[in-house]
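One file, run.cif, carrying mmCIF, C-alpha atoms and all ligand atoms:
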data_protein
#
loop_
_atom_site.group_PDB
_atom_site.id
_atom_site.type_symbol
_atom_site.label_atom_id
_atom_site.label_comp_id
_atom_site.auth_asym_id
_atom_site.auth_seq_id
_atom_site.Cartn_x
_atom_site.Cartn_y
_atom_site.Cartn_z
ATOM 1 C CA MET A 1 23.483 -23.565 4.891
ATOM 2 C CA GLU A 2 21.756 -22.345 1.778
ATOM 3 C CA ASP A 3 18.256 -20.946 1.923
ATOM 4 C CA HIS A 4 15.951 -22.103 -0.787
ATOM 5 C CA LEU A 5 12.657 -21.085 -2.302
ATOM 6 C CA ASP A 6 9.673 -22.816 -0.872
ATOM 7 C CA SER A 7 7.520 -24.710 -3.303
ATOM 8 C CA THR A 8 4.294 -23.379 -1.752
ATOM 9 C CA TYR A 9 4.574 -20.248 -3.940
ATOM 10 C CA GLY A 10 2.362 -21.721 -6.607
ATOM 11 C CA ASP A 11 -0.369 -22.701 -4.176
ATOM 12 C CA ILE A 12 -0.801 -19.270 -2.692
ATOM 13 C CA ASP A 13 -2.671 -17.908 -5.675
ATOM 14 C CA GLU A 14 -5.286 -20.607 -5.464
ATOM 15 C CA LEU A 15 -5.742 -20.092 -1.768
ATOM 16 C CA LEU A 16 -6.106 -16.375 -2.178
ATOM 17 C CA LEU A 17 -8.751 -16.868 -4.803
ATOM 18 C CA TYR A 18 -10.629 -19.095 -2.446
ATOM 19 C CA LYS A 19 -10.357 -16.755 0.489
ATOM 20 C CA MET A 20 -11.376 -13.711 -1.502
ATOM 21 C CA ALA A 21 -14.514 -15.430 -2.552
ATOM 22 C CA ALA A 22 -15.227 -16.720 0.927
ATOM 23 C CA VAL A 23 -14.537 -13.748 3.178
ATOM 24 C CA PRO A 24 -14.424 -10.215 1.781
ATOM 25 C CA PRO A 25 -12.848 -9.009 4.185
ATOM 26 C CA SER A 26 -12.804 -11.145 7.304
ATOM 27 C CA GLU A 27 -15.136 -9.910 10.038
ATOM 28 C CA GLU A 28 -12.416 -10.614 12.553
ATOM 29 C CA LEU A 29 -10.144 -8.035 11.010
ATOM 30 C CA LEU A 30 -12.788 -5.378 10.518
ATOM 31 C CA VAL A 31 -13.522 -2.368 12.727
ATOM 32 C CA GLU A 32 -16.647 -0.507 11.616
ATOM 33 C CA VAL A 33 -16.949 3.056 12.818
ATOM 34 C CA SER A 34 -19.250 6.007 12.269
ATOM 35 C CA GLY A 35 -18.238 9.651 12.252
ATOM 36 C CA ASP A 36 -14.799 11.022 11.577
ATOM 37 C CA ASP A 37 -13.256 10.301 14.951
ATOM 38 C CA LEU A 38 -12.310 7.026 16.616
ATOM 39 C CA SER A 39 -13.625 6.213 20.089
ATOM 40 C CA GLU A 40 -11.128 4.976 22.675
ATOM 41 C CA GLU A 41 -12.736 1.564 22.377
ATOM 42 C CA ASN A 42 -12.151 1.479 18.626
ATOM 43 C CA LYS A 43 -8.564 2.634 19.021
ATOM 44 C CA ILE A 44 -7.998 -0.272 21.409
ATOM 45 C CA LYS A 45 -9.681 -2.705 18.982
ATOM 46 C CA ILE A 46 -7.471 -1.500 16.128
ATOM 47 C CA ALA A 47 -4.344 -1.682 18.283
ATOM 48 C CA ASN A 48 -5.170 -5.253 19.313
ATOM 49 C CA LEU A 49 -5.724 -6.344 15.707
ATOM 50 C CA ILE A 50 -2.449 -4.729 14.589
ATOM 51 C CA GLU A 51 -0.625 -6.401 17.449
ATOM 52 C CA ASP A 52 -2.149 -9.849 16.863
ATOM 53 C CA HIS A 53 -2.367 -10.030 13.051
ATOM 54 C CA GLY A 54 -0.213 -7.181 11.711
ATOM 55 C CA VAL A 55 -3.126 -5.790 9.735
ATOM 56 C CA CYS A 56 -6.727 -4.618 10.107
ATOM 57 C CA VAL A 57 -9.493 -2.854 8.172
ATOM 58 C CA VAL A 58 -11.280 0.296 9.330
ATOM 59 C CA ARG A 59 -14.538 1.052 7.569
ATOM 60 C CA GLY A 60 -16.650 4.202 7.820
ATOM 61 C CA LEU A 61 -14.017 6.809 8.685
ATOM 62 C CA ALA A 62 -13.764 8.530 5.310
ATOM 63 C CA ASP A 63 -16.284 10.876 3.722
ATOM 64 C CA PRO A 64 -17.520 8.898 0.676
ATOM 65 C CA HIS A 65 -18.028 12.111 -1.328
ATOM 66 C CA VAL A 66 -14.411 13.135 -0.869
ATOM 67 C CA VAL A 67 -13.176 9.644 -1.728
ATOM 68 C CA ARG A 68 -15.211 9.602 -4.916
ATOM 69 C CA SER A 69 -14.272 13.114 -5.925
ATOM 70 C CA VAL A 70 -10.527 12.556 -5.401
ATOM 71 C CA ASN A 71 -10.742 9.324 -7.377
ATOM 72 C CA LEU A 72 -12.550 10.995 -10.291
ATOM 73 C CA LYS A 73 -10.190 13.971 -10.408
ATOM 74 C CA ILE A 74 -7.070 11.804 -10.428
ATOM 75 C CA ASP A 75 -8.571 9.574 -13.098
ATOM 76 C CA ARG A 76 -9.433 12.587 -15.241
ATOM 77 C CA PHE A 77 -5.934 14.030 -14.806
ATOM 78 C CA ILE A 78 -4.353 10.763 -15.910
ATOM 79 C CA ASP A 79 -6.666 10.523 -18.909
ATOM 80 C CA ASP A 80 -5.977 14.127 -19.912
ATOM 81 C CA ASN A 81 -2.232 13.525 -19.752
ATOM 82 C CA LYS A 82 -2.077 10.143 -21.390
ATOM 83 C CA ASP A 83 0.163 11.378 -24.179
ATOM 84 C CA ILE A 84 2.851 12.482 -21.762
ATOM 85 C CA ALA A 85 2.481 9.226 -19.917
ATOM 86 C CA VAL A 86 3.016 7.175 -23.040
ATOM 87 C CA ARG A 87 6.263 8.972 -23.826
ATOM 88 C CA GLY A 88 7.609 7.915 -20.420
ATOM 89 C CA LYS A 89 10.095 10.810 -20.494
ATOM 90 C CA PHE A 90 10.792 13.422 -17.869
ATOM 91 C CA THR A 91 8.317 16.222 -18.606
ATOM 92 C CA GLU A 92 7.534 19.240 -16.517
ATOM 93 C CA THR A 93 4.223 20.978 -17.139
ATOM 94 C CA GLU A 94 2.630 23.939 -15.397
ATOM 95 C CA ASN A 95 0.837 21.631 -12.954
ATOM 96 C CA ALA A 96 2.995 18.575 -12.559
ATOM 97 C CA ILE A 97 6.261 16.750 -13.065
ATOM 98 C CA PHE A 98 6.114 13.490 -14.996
ATOM 99 C CA ASP A 99 9.161 11.622 -13.815
ATOM 100 C CA GLY A 100 9.143 9.053 -16.565
ATOM 101 C CA THR A 101 12.420 7.268 -16.019
ATOM 102 C CA SER A 102 12.961 8.433 -12.465
ATOM 103 C CA GLN A 103 15.313 11.317 -13.180
ATOM 104 C CA ILE A 104 14.515 13.127 -9.961
ATOM 105 C CA GLU A 105 17.346 12.399 -7.573
ATOM 106 C CA GLY A 106 16.993 11.187 -4.007
ATOM 107 C CA GLY A 107 14.482 8.386 -4.529
ATOM 108 C CA ASN A 108 11.075 8.739 -2.909
ATOM 109 C CA LYS A 109 12.243 11.499 -0.631
ATOM 110 C CA GLY A 110 13.505 13.504 -3.600
ATOM 111 C CA LYS A 111 10.148 13.174 -5.323
ATOM 112 C CA ALA A 112 8.211 14.166 -2.209
ATOM 113 C CA LEU A 113 10.348 17.305 -1.856
ATOM 114 C CA GLN A 114 9.393 18.645 -5.306
ATOM 115 C CA PRO A 115 7.203 21.762 -5.312
ATOM 116 C CA LYS A 116 4.763 20.128 -7.747
ATOM 117 C CA PRO A 117 2.967 16.805 -7.804
ATOM 118 C CA VAL A 118 5.222 14.097 -9.232
ATOM 119 C CA ILE A 119 3.705 11.420 -11.444
ATOM 120 C CA HIS A 120 6.031 8.472 -11.495
ATOM 121 C CA PHE A 121 5.412 5.660 -13.960
ATOM 122 C CA ARG A 122 6.901 2.480 -12.626
ATOM 123 C CA GLY A 123 6.041 0.573 -15.781
ATOM 124 C CA GLU A 124 6.974 1.626 -19.280
ATOM 125 C CA LYS A 125 3.672 0.827 -20.906
ATOM 126 C CA ASP A 126 0.726 3.165 -21.273
ATOM 127 C CA ASN A 127 -1.059 1.182 -18.587
ATOM 128 C CA GLY A 128 1.943 0.868 -16.238
ATOM 129 C CA LEU A 129 1.746 1.252 -12.489
ATOM 130 C CA ILE A 130 1.494 4.917 -11.556
ATOM 131 C CA ASP A 131 2.748 6.325 -8.262
ATOM 132 C CA ILE A 132 1.761 9.934 -7.508
ATOM 133 C CA PHE A 133 3.592 12.084 -4.958
ATOM 134 C CA ASN A 134 2.291 15.376 -3.475
ATOM 135 C CA ILE A 135 -1.253 14.692 -4.574
ATOM 136 C CA GLU A 136 -2.680 17.639 -2.602
ATOM 137 C CA ARG A 137 -0.975 19.980 -5.060
ATOM 138 C CA LEU A 138 -2.965 18.396 -7.853
ATOM 139 C CA VAL A 139 -6.220 17.703 -6.015
ATOM 140 C CA PRO A 140 -6.560 19.935 -2.930
ATOM 141 C CA GLU A 141 -9.379 17.772 -1.520
ATOM 142 C CA ALA A 142 -6.843 14.996 -1.039
ATOM 143 C CA LEU A 143 -5.687 16.973 1.977
ATOM 144 C CA GLN A 144 -8.759 15.556 3.707
ATOM 145 C CA LEU A 145 -7.522 12.047 3.003
ATOM 146 C CA ARG A 146 -4.175 12.977 4.524
ATOM 147 C CA HIS A 147 -6.039 14.191 7.607
ATOM 148 C CA VAL A 148 -7.810 10.846 7.950
ATOM 149 C CA LEU A 149 -4.905 8.517 7.136
ATOM 150 C CA GLY A 150 -2.316 10.544 9.037
ATOM 151 C CA GLY A 151 -4.655 12.164 11.565
ATOM 152 C CA ASP A 152 -4.666 11.970 15.359
ATOM 153 C CA SER A 153 -7.191 9.105 15.555
ATOM 154 C CA ILE A 154 -5.375 6.540 13.445
ATOM 155 C CA LYS A 155 -1.984 7.715 14.671
ATOM 156 C CA ALA A 156 -3.118 7.263 18.287
ATOM 157 C CA ALA A 157 -4.306 3.715 17.538
ATOM 158 C CA ILE A 158 -0.986 2.857 15.862
ATOM 159 C CA ASN A 159 1.016 4.521 18.629
ATOM 160 C CA ARG A 160 -0.539 2.178 21.195
ATOM 161 C CA VAL A 161 1.502 -0.583 19.573
ATOM 162 C CA PHE A 162 4.330 1.395 17.948
ATOM 163 C CA PRO A 163 4.774 4.581 20.007
ATOM 164 C CA ASP A 164 7.347 6.181 17.714
ATOM 165 C CA GLN A 165 5.564 5.878 14.347
ATOM 166 C CA ARG A 166 4.412 9.074 12.655
ATOM 167 C CA PRO A 167 2.905 9.799 9.230
ATOM 168 C CA THR A 168 5.251 11.024 6.502
ATOM 169 C CA ASN A 169 4.457 10.728 2.770
ATOM 170 C CA LEU A 170 1.056 10.355 1.137
ATOM 171 C CA ASN A 171 1.173 8.555 -2.210
ATOM 172 C CA ILE A 172 -1.457 7.458 -4.687
ATOM 173 C CA TYR A 173 -1.070 4.142 -6.504
ATOM 174 C CA VAL A 174 -2.966 3.736 -9.732
ATOM 175 C CA ASN A 175 -3.056 0.219 -11.182
ATOM 176 C CA LYS A 176 -4.650 -0.233 -14.586
ATOM 177 C CA SER A 177 -4.371 -3.744 -15.992
ATOM 178 C CA ILE A 178 -1.170 -4.440 -14.051
ATOM 179 C CA GLN A 179 -0.738 -8.129 -14.641
ATOM 180 C CA GLU A 180 2.616 -8.548 -12.956
ATOM 181 C CA THR A 181 3.420 -7.305 -9.485
ATOM 182 C CA ARG A 182 6.155 -7.936 -6.955
ATOM 183 C CA GLY A 183 5.500 -11.108 -4.939
ATOM 184 C CA PHE A 184 5.281 -11.312 -1.156
ATOM 185 C CA HIS A 185 7.925 -9.124 0.457
ATOM 186 C CA TYR A 186 8.840 -7.062 3.500
ATOM 187 C CA ASP A 187 9.258 -3.306 3.069
ATOM 188 C CA SER A 188 11.639 -3.189 6.001
ATOM 189 C CA SER A 189 13.334 -5.393 8.559
ATOM 190 C CA THR A 190 12.275 -2.997 11.320
ATOM 191 C CA PRO A 191 8.715 -1.709 11.999
ATOM 192 C CA ILE A 192 7.157 0.446 9.279
ATOM 193 C CA ILE A 193 3.395 1.000 9.016
ATOM 194 C CA LYS A 194 1.391 1.903 5.934
ATOM 195 C CA VAL A 195 -2.187 3.087 6.079
ATOM 196 C CA PHE A 196 -3.917 2.387 2.772
ATOM 197 C CA MET A 197 -7.289 3.613 1.604
ATOM 198 C CA TYR A 198 -8.983 2.017 -1.365
ATOM 199 C CA LEU A 199 -10.279 4.790 -3.625
ATOM 200 C CA THR A 200 -12.052 2.277 -5.845
ATOM 201 C CA ASP A 201 -14.091 -0.794 -4.949
ATOM 202 C CA VAL A 202 -11.901 -3.898 -4.889
ATOM 203 C CA GLU A 203 -14.357 -6.691 -5.384
ATOM 204 C CA SER A 204 -12.333 -9.697 -6.408
ATOM 205 C CA VAL A 205 -8.760 -10.848 -6.987
ATOM 206 C CA ASP A 206 -9.161 -9.635 -10.558
ATOM 207 C CA ASP A 207 -9.035 -6.042 -9.259
ATOM 208 C CA GLY A 208 -5.582 -6.561 -7.690
ATOM 209 C CA PRO A 209 -6.264 -6.479 -3.946
ATOM 210 C CA TYR A 210 -3.758 -5.803 -1.197
ATOM 211 C CA CYS A 211 -2.649 -9.116 0.356
ATOM 212 C CA TYR A 212 -1.151 -9.896 3.753
ATOM 213 C CA VAL A 213 0.170 -12.946 5.542
ATOM 214 C CA LEU A 214 -1.583 -12.732 8.881
ATOM 215 C CA GLY A 215 0.767 -12.667 11.860
ATOM 216 C CA SER A 216 3.888 -12.464 9.691
ATOM 217 C CA HIS A 217 4.923 -9.164 11.305
ATOM 218 C CA GLY A 218 5.783 -11.207 14.397
ATOM 219 C CA ASN A 219 7.867 -13.802 12.612
ATOM 220 C CA GLU A 220 11.218 -12.188 13.115
ATOM 221 C CA GLU A 221 13.171 -15.325 12.392
ATOM 222 C CA GLU A 222 11.651 -15.763 8.934
ATOM 223 C CA ARG A 223 12.154 -12.090 8.173
ATOM 224 C CA ARG A 224 15.795 -12.300 9.170
ATOM 225 C CA ARG A 225 16.241 -15.455 7.097
ATOM 226 C CA SER A 226 14.671 -13.771 4.066
ATOM 227 C CA TYR A 227 16.884 -10.703 4.360
ATOM 228 C CA ARG A 228 19.965 -12.838 4.844
ATOM 229 C CA ALA A 229 19.248 -15.194 1.954
ATOM 230 C CA LYS A 230 21.770 -15.204 -0.864
ATOM 231 C CA PHE A 231 19.254 -15.878 -3.565
ATOM 232 C CA VAL A 232 15.706 -14.618 -3.355
ATOM 233 C CA PRO A 233 13.118 -14.509 -6.138
ATOM 234 C CA LYS A 234 13.725 -10.907 -7.165
ATOM 235 C CA LYS A 235 15.147 -8.461 -4.714
ATOM 236 C CA LYS A 236 16.129 -7.741 -1.157
ATOM 237 C CA GLY A 237 13.196 -8.116 1.200
ATOM 238 C CA ASP A 238 11.332 -10.711 -0.875
ATOM 239 C CA THR A 239 10.002 -13.456 1.361
ATOM 240 C CA LEU A 240 11.597 -16.877 1.303
ATOM 241 C CA TYR A 241 8.534 -18.541 2.713
ATOM 242 C CA VAL A 242 4.965 -17.596 3.579
ATOM 243 C CA ASP A 243 2.331 -19.771 5.181
ATOM 244 C CA PRO A 244 -0.318 -20.089 2.458
ATOM 245 C CA LYS A 245 -3.014 -20.745 5.036
ATOM 246 C CA LYS A 246 -2.399 -17.305 6.459
ATOM 247 C CA ALA A 247 -2.120 -15.409 3.157
ATOM 248 C CA PHE A 248 -5.141 -13.199 2.832
ATOM 249 C CA ALA A 249 -6.383 -10.868 0.111
ATOM 250 C CA PHE A 250 -8.440 -7.830 1.067
ATOM 251 C CA ALA A 251 -11.566 -7.152 -0.869
ATOM 252 C CA GLY A 252 -13.068 -3.811 0.070
ATOM 253 C CA LYS A 253 -15.147 -0.795 -0.796
ATOM 254 C CA ALA A 254 -13.846 2.633 -1.793
ATOM 255 C CA GLY A 255 -13.120 4.379 1.509
ATOM 256 C CA ASP A 256 -12.043 1.236 3.387
ATOM 257 C CA ILE A 257 -8.786 1.727 5.266
ATOM 258 C CA ILE A 258 -6.191 -1.009 5.706
ATOM 259 C CA ILE A 259 -3.639 -0.472 8.467
ATOM 260 C CA SER A 260 -0.700 -2.743 7.811
ATOM 261 C CA CYS A 261 2.668 -3.591 9.377
ATOM 262 C CA GLN A 262 5.020 -3.506 6.406
ATOM 263 C CA HIS A 263 7.633 -5.558 8.235
ATOM 264 C CA GLY A 264 5.134 -8.380 7.657
ATOM 265 C CA ALA A 265 4.794 -10.253 4.340
ATOM 266 C CA HIS A 266 2.525 -8.482 1.858
ATOM 267 C CA ARG A 267 1.983 -7.763 -1.823
ATOM 268 C CA GLY A 268 -0.407 -6.191 -4.291
ATOM 269 C CA TYR A 269 -2.077 -8.913 -6.316
ATOM 270 C CA PRO A 270 -1.733 -8.916 -10.144
ATOM 271 C CA GLN A 271 -4.833 -7.694 -11.965
ATOM 272 C CA LYS A 272 -6.763 -9.108 -14.856
ATOM 273 C CA GLU A 273 -6.792 -7.037 -18.010
ATOM 274 C CA ASN A 274 -9.100 -3.997 -17.973
ATOM 275 C CA HIS A 275 -9.354 -3.945 -14.186
ATOM 276 C CA GLU A 276 -8.428 -0.804 -12.283
ATOM 277 C CA ARG A 277 -7.552 -0.039 -8.698
ATOM 278 C CA MET A 278 -6.662 3.238 -6.978
ATOM 279 C CA VAL A 279 -5.182 3.384 -3.465
ATOM 280 C CA ALA A 280 -4.050 6.252 -1.234
ATOM 281 C CA THR A 281 -1.065 5.249 0.904
ATOM 282 C CA MET A 282 0.151 7.066 3.997
ATOM 283 C CA ILE A 283 3.597 5.907 5.033
ATOM 284 C CA TYR A 284 4.394 5.955 8.736
ATOM 285 C CA ARG A 285 7.960 5.795 9.942
ATOM 286 C CA PRO A 286 9.692 6.011 13.300
ATOM 287 C CA TYR A 287 11.057 9.441 14.199
ATOM 288 C CA SER A 288 14.554 8.015 14.090
ATOM 289 C CA PHE A 289 14.140 6.798 10.491
ATOM 290 C CA GLU A 290 15.134 10.146 8.959
ATOM 291 C CA ASP A 291 18.697 9.623 10.142
ATOM 292 C CA GLU A 292 18.942 6.209 8.520
ATOM 293 C CA ALA A 293 17.452 7.182 5.138
HETATM 294 O O1 LIG B 301 -0.013 -2.373 -4.313
HETATM 295 C C1 LIG B 301 -0.211 -2.897 -3.229
HETATM 296 O O2 LIG B 301 -1.308 -3.319 -2.873
HETATM 297 C C2 LIG B 301 0.920 -3.029 -2.232
HETATM 298 C C3 LIG B 301 2.181 -2.385 -2.668
HETATM 299 C C4 LIG B 301 3.278 -2.552 -1.653
HETATM 300 O O3 LIG B 301 3.910 -3.554 -1.570
HETATM 301 C C5 LIG B 301 3.561 -1.460 -0.716
HETATM 302 O O4 LIG B 301 2.939 -0.399 -0.766
HETATM 303 O O5 LIG B 301 4.438 -1.635 0.131
HETATM 304 FE FE FE B 302 5.530 -3.351 -0.082
#

Once you've parsed the file, please lay out its structure as structure tokens.
Ligand SMILES: O=C(O)CCC(=O)C(=O)O
Ligand SMILES: [Fe+2]
Amino acid sequence: MEDHLDSTYGDIDELLLYKMAAVPPSEELLVEVSGDDLSEENKIKIANLIEDHGVCVVRGLADPHVVRSVNLKIDRFIDDNKDIAVRGKFTETENAIFDGTSQIEGGNKGKALQPKPVIHFRGEKDNGLIDIFNIERLVPEALQLRHVLGGDSIKAAINRVFPDQRPTNLNIYVNKSIQETRGFHYDSSTPIIKVFMYLTDVESVDDGPYCYVLGSHGNEEERRRSYRAKFVPKKKGDTLYVDPKKAFAFAGKAGDIIISCQHGAHRGYPQKENHERMVATMIYRPYSFEDEA
């Protein structure tokens, strides 16, 4: 039997627009905390949300000054190095490696192993999607973000549901006027968690919010079908079908944290021109993953 694309693809955008306007972000998915540590009660709340929906938002854990400062410093660095960025060629400077056309071998792992920060331009244009590895070597304060996103509190909450997940790489995504993004997809057929932190306010769909299909982490059959499918929209792991009623876009403030099961259907939403978004992403993986990679 041949799998086919579901015609609901077109409707999702409309629904997301509606939901963004209506609930930014849903109270049900939100855990508000104060201080830099999570209480046992909050860890349990987070674990329950991850288990039930595959995603949740934690607000109030990050120091707003650090978030702002890291955001400004990265922005300034990108602005100062625009010329190199435009060339899109492999360039090594005193402070950083610009891996224009992905010449560093070994994929993401290869980039993370470099002794300098690696600025990887996924798009070819000046305003292409930028993925930064080893950010602490560029902006030492970002170490504090690593300590929040990969720290004991969040890890303990995640480990209640997925006992073997541990933080690995910290990346920064910079989207400036990115008007095309990959559609709904799974990062993996087995459990992988990402902990995102918005470093800029994401106020509407125009800013390119993170989107998630609630509960899709539990839909193993659909995931298997999508991975098995002979023809998918773009590449392996793209979803064949998502329930538009459960597709949800996350508005949020700088400092908001989104904990997300990446074996559920998700995407970054395309931006409108002149909109910018910056996100710190901590990738969790099971201890056993190293052997498979
Ligand atoms: O840019 C985003 O919001 C999500 C990107 C994505 O699909 C991922 O990090 O796995
Ligand atoms: Fe993804």

Could you tell me which residues the PyMOL selection byres (((chain A and resi 32) around 6) and not hetatm) returns for this structure, as a list of chain:residue names?
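Expected selection for the PyMOL selection byres (((chain A and resi 32) around 6) and not hetatm) here is A:Val31, A:Val33, A:Val58, A:Arg59.
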
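With distances taken over all atoms listed in the file, A:Asp52 is the one residue among A:Asp83, A:Asp52, A:Glu273, A:Glu180 lying closest to Ser260 (chain A).
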
Pick out the residues no farther than 8 Å from ligand LIG 301 (chain B), counting only C-alpha atoms and all ligand atoms, and list them as a list in words.
Tyr173, Asn175, Thr181, Arg182, Phe184, His185, Tyr186, Asp187, Lys194, Gly208, Pro209, Tyr210, Cys211, Gln262, His266, Arg267, Gly268, Tyr269, Val279 and Thr281 of chain A

Ranking A:Lys235, A:Lys245, A:Lys253, A:His275 by minimum distance to ligand FE 302 (chain B) and counting all atoms listed in the file, which one comes first?
A:Lys235

Excluding Arg166 (chain A) and its own-chain neighbours fewer than 6 positions away, which residues fall within 10 Å of it when counting all atoms listed in the file? Please give them as a PyMOL selection string.
chain A and resi 150-152+155-156+158-159+192-193+282-287

What are the centre and the three edge lengths of an axis-aligned box that wraps all atoms of region 137-141 of chain A in the file, given that 6 Å is added to every side, written as lines of an AutoDock Vina configuration file and rounded to one decimal in Å?
center_x = -5.2
center_y = 18.8
center_z = -4.7
size_x = 20.4
size_y = 14.3
size_z = 18.3

Would you write out, as a list in words, every residue that the PyMOL selection byres (((chain A and resi 133-140) around 9) and not hetatm) captures in this file?
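The output of the PyMOL selection byres (((chain A and resi 133-140) around 9) and not hetatm) on this file is Val70, Lys73, Ile74, Phe77, Asn95, Ala96, Asn108, Lys111, Ala112, Leu113, Gln114, Pro115, Lys116, Pro117, Val118, Ile119, His120, Asp131, Ile132, Glu141, Ala142, Leu143, Gln144, Arg146, Asn169, Leu170, Asn171 and Ile172 of chain A.
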
Please provide the set of residues having any atom within 7 Å of Ser177 (chain A), restricted to all atoms listed in the file, with same-chain residues fewer than 4 positions apart removed, written as a ChimeraX atom specification.
/A:127,271-276

Given the selection you just returned, output its residues as a file containing C-alpha atoms, formatted as an mmCIF file, in the coordinates of the input.
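Full text of result-v6.cif as output:
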data_model
loop_
_atom_site.group_PDB
_atom_site.id
_atom_site.type_symbol
_atom_site.label_atom_id
_atom_site.label_comp_id
_atom_site.auth_asym_id
_atom_site.auth_seq_id
_atom_site.Cartn_x
_atom_site.Cartn_y
_atom_site.Cartn_z
ATOM 1 C CA ASN A 127 -1.059 1.182 -18.587
ATOM 2 C CA GLN A 271 -4.833 -7.694 -11.965
ATOM 3 C CA LYS A 272 -6.763 -9.108 -14.856
ATOM 4 C CA GLU A 273 -6.792 -7.037 -18.010
ATOM 5 C CA ASN A 274 -9.100 -3.997 -17.973
ATOM 6 C CA HIS A 275 -9.354 -3.945 -14.186
ATOM 7 C CA GLU A 276 -8.428 -0.804 -12.283
#

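The two atoms in question, CA of Ala265 (chain A) and CA of Asn42 (chain A), are spaced 25.1 Å apart.
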
Would you please work out which residue, of A:Ile44, A:Lys246, A:Gly183, A:Tyr227, is nearest to ligand FE 302 (chain B) when using only C-alpha atoms and all ligand atoms?
A:Gly183

Given the file above and the PyMOL selection byres (((chain A and resi 252) around 8) and not hetatm), which residues are selected, and can you give them as a list in words?
Pro24, Pro25, Tyr198, Asp201, Val202, Glu203, Phe250, Ala251, Lys253, Ala254 and Asp256 of chain A

At a cut-off of 7 Å from (-5.9, -2.2, 9.4) in the coordinates of the file, what residues are picked up using all atoms listed in the file, written as JSON, numbers by chain?
{"A": [46, 50, 55, 56, 57, 58, 257, 258, 259, 260]}

Those same residues, written as a tab-separated table (two decimals), in the frame of the given file with C-alpha atoms?
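Writing done, so here's part-v2.tsv:
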chain	number	residue	atom	x	y	z
A	46	ILE	CA	-7.47	-1.50	16.13
A	50	ILE	CA	-2.45	-4.73	14.59
A	55	VAL	CA	-3.13	-5.79	9.74
A	56	CYS	CA	-6.73	-4.62	10.11
A	57	VAL	CA	-9.49	-2.85	8.17
A	58	VAL	CA	-11.28	0.30	9.33
A	257	ILE	CA	-8.79	1.73	5.27
A	258	ILE	CA	-6.19	-1.01	5.71
A	259	ILE	CA	-3.64	-0.47	8.47
A	260	SER	CA	-0.70	-2.74	7.81
